[in-house]
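Asker: Take this structure, written in structure tokens, and hold onto it; I'll ask about it next.
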Amino acid sequence: MSVLEKASELIDCLGHAGEPVSLAFVRSALDMPKSSTHRLLGELAALGIVRRTEDGRYSLGPRLLYWGEAAAETFDLRAIAEPSMRRLRDTIGESVHLYLRDHDMRVCIAAVEARHELRPFIQLGRPLPLRAGAAGKLLLAFADDDVQRLEVRRAKSDAESFPNAPGARLAEELEWIRAERWATSVGERESGVSAAATPIVDSRGRVVAALCISGPTSRLVAPLLDASREPLQQSAAEISDLLRRG
């Protein structure tokens, strides 16, 4: 059994207990050596996944509250967003995607494809870079400082991987994106694809997702990218409002 499987069983054990339990209880329930159980509990406690009480017992930790809230928002967000995404697709005529940041990557959790035969393909759940592409840069602009610093460093050596991405100019572009709450790209992650993105915010004003349109550069030319700003931001505001209300 892998360490991850053992950790998962331990978390399930604490969840089913419903109250703080002793090391002996966990060891017995999982049929693990005392030393291994103690070490795993200590590692999970250091990560905030498990909480150690003053009397030496163990319960689920505060980090799981954040994960649970984030997971609930993710599923709710997709259901809330898709009707607005379909209306936006019908208005603009191009594909509409919804992205979340996952540490130093982004993933697409919902897609409403354009009806054109020629359109970009985005695989749901596939990790994509933050430092290239409209949605990635939008999410990066509102990410933690350490993630931004990491991606800015990476961008400086991106001439071969992403020749049309900002590269050394990324930090400056992120400042502009934060001020405008708007990002565009032309052939940055994939040659021949243009995109534009704007943020979706939760009830606390945090940027939780990027709403993005994309299409072939031959069709989604610069004036159309500019013209898409108002309807795209209106859709994002509508989704944000629905998310805040519940």
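Going through the structure tokens in order, the chains are called A, B, and so on, while each chain numbers its residues from 1 and the ligands are numbered from 1 in the order shown.
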Would you return as a VMD selection string the members of stretch 8-93 of chain A that DSSP assigns to alpha helix (DSSP H) on this structure's backbone?
Answerer: chain A and resid 8 to 17 23 to 30 34 to 46 63 to 92
Asker: Stretch 15-101 of chain A near stretch 212-232 of chain A within 8 Å: what's each residue's closest atom pair and its distance in Å to one decimal, counting only C-alpha atoms, ordered by chain then ascending residue number, as a Markdown table?
Answerer:
| residue | atom | partner | partner_atom | distance |
| --- | --- | --- | --- | --- |
| A:Leu88 | CA | A:Leu232 | CA | 7.0 |
| A:Thr91 | CA | A:Pro231 | CA | 7.9 |
| A:Ile92 | CA | A:Ser228 | CA | 6.9 |
| A:Glu94 | CA | A:Gly215 | CA | 5.9 |
| A:Ser95 | CA | A:Ile213 | CA | 5.5 |
| A:Val96 | CA | A:Ile213 | CA | 4.5 |
| A:His97 | CA | A:Cys212 | CA | 5.1 |
| A:Leu98 | CA | A:Cys212 | CA | 6.2 |
| A:Tyr99 | CA | A:Cys212 | CA | 7.7 |
Asker: Could the residues in this selection be saved with N, CA and C atoms as a short mmCIF file (atom, residue, chain, number, x, y, z; two decimals), in the first residue's frame?
Answerer:
data_model
loop_
_atom_site.label_atom_id
_atom_site.label_comp_id
_atom_site.auth_asym_id
_atom_site.auth_seq_id
_atom_site.Cartn_x
_atom_site.Cartn_y
_atom_site.Cartn_z
N LEU A 88 -22.89 33.13 -24.03
CA LEU A 88 -21.73 33.86 -24.53
C LEU A 88 -21.24 33.26 -25.84
N THR A 91 -23.41 34.42 -28.54
CA THR A 91 -23.22 35.85 -28.84
C THR A 91 -21.96 36.09 -29.65
N ILE A 92 -20.86 35.48 -29.22
CA ILE A 92 -19.56 35.74 -29.85
C ILE A 92 -19.27 34.77 -30.99
N GLU A 94 -17.59 31.93 -30.68
CA GLU A 94 -16.36 31.18 -30.45
C GLU A 94 -16.47 30.33 -29.19
N SER A 95 -15.52 29.42 -29.03
CA SER A 95 -15.53 28.52 -27.88
C SER A 95 -15.33 29.29 -26.57
N VAL A 96 -15.98 28.81 -25.53
CA VAL A 96 -15.89 29.43 -24.20
C VAL A 96 -15.41 28.38 -23.22
N HIS A 97 -14.40 28.73 -22.42
CA HIS A 97 -13.83 27.79 -21.46
C HIS A 97 -13.74 28.43 -20.08
N LEU A 98 -13.78 27.59 -19.08
CA LEU A 98 -13.68 28.02 -17.68
C LEU A 98 -12.47 27.34 -17.06
N TYR A 99 -11.54 28.15 -16.54
CA TYR A 99 -10.29 27.62 -15.99
C TYR A 99 -10.16 27.93 -14.50
#
Asker: Which residue is closest to A:Val208? Choose from A:Ala135, A:Leu14, A:Leu124, A:Ala195 and count only C-alpha atoms.
Answerer: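 Using only C-alpha atoms, A:Val208 sits closest to A:Ala135.
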Asker: Enter the distance from atom CA of A:Gly15 to atom CA of A:Pro33, in Å, rounded to one decimal.
Answerer: 20.5 Å
Asker: Determine the nearest neighbour of A:Gly48 from the options A:Ala79, A:Arg63, A:Leu150, A:Asp104, counting only C-alpha atoms.
Answerer: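 Looking only at the distances to A:Gly48, the closest residue turns out to be A:Arg63.
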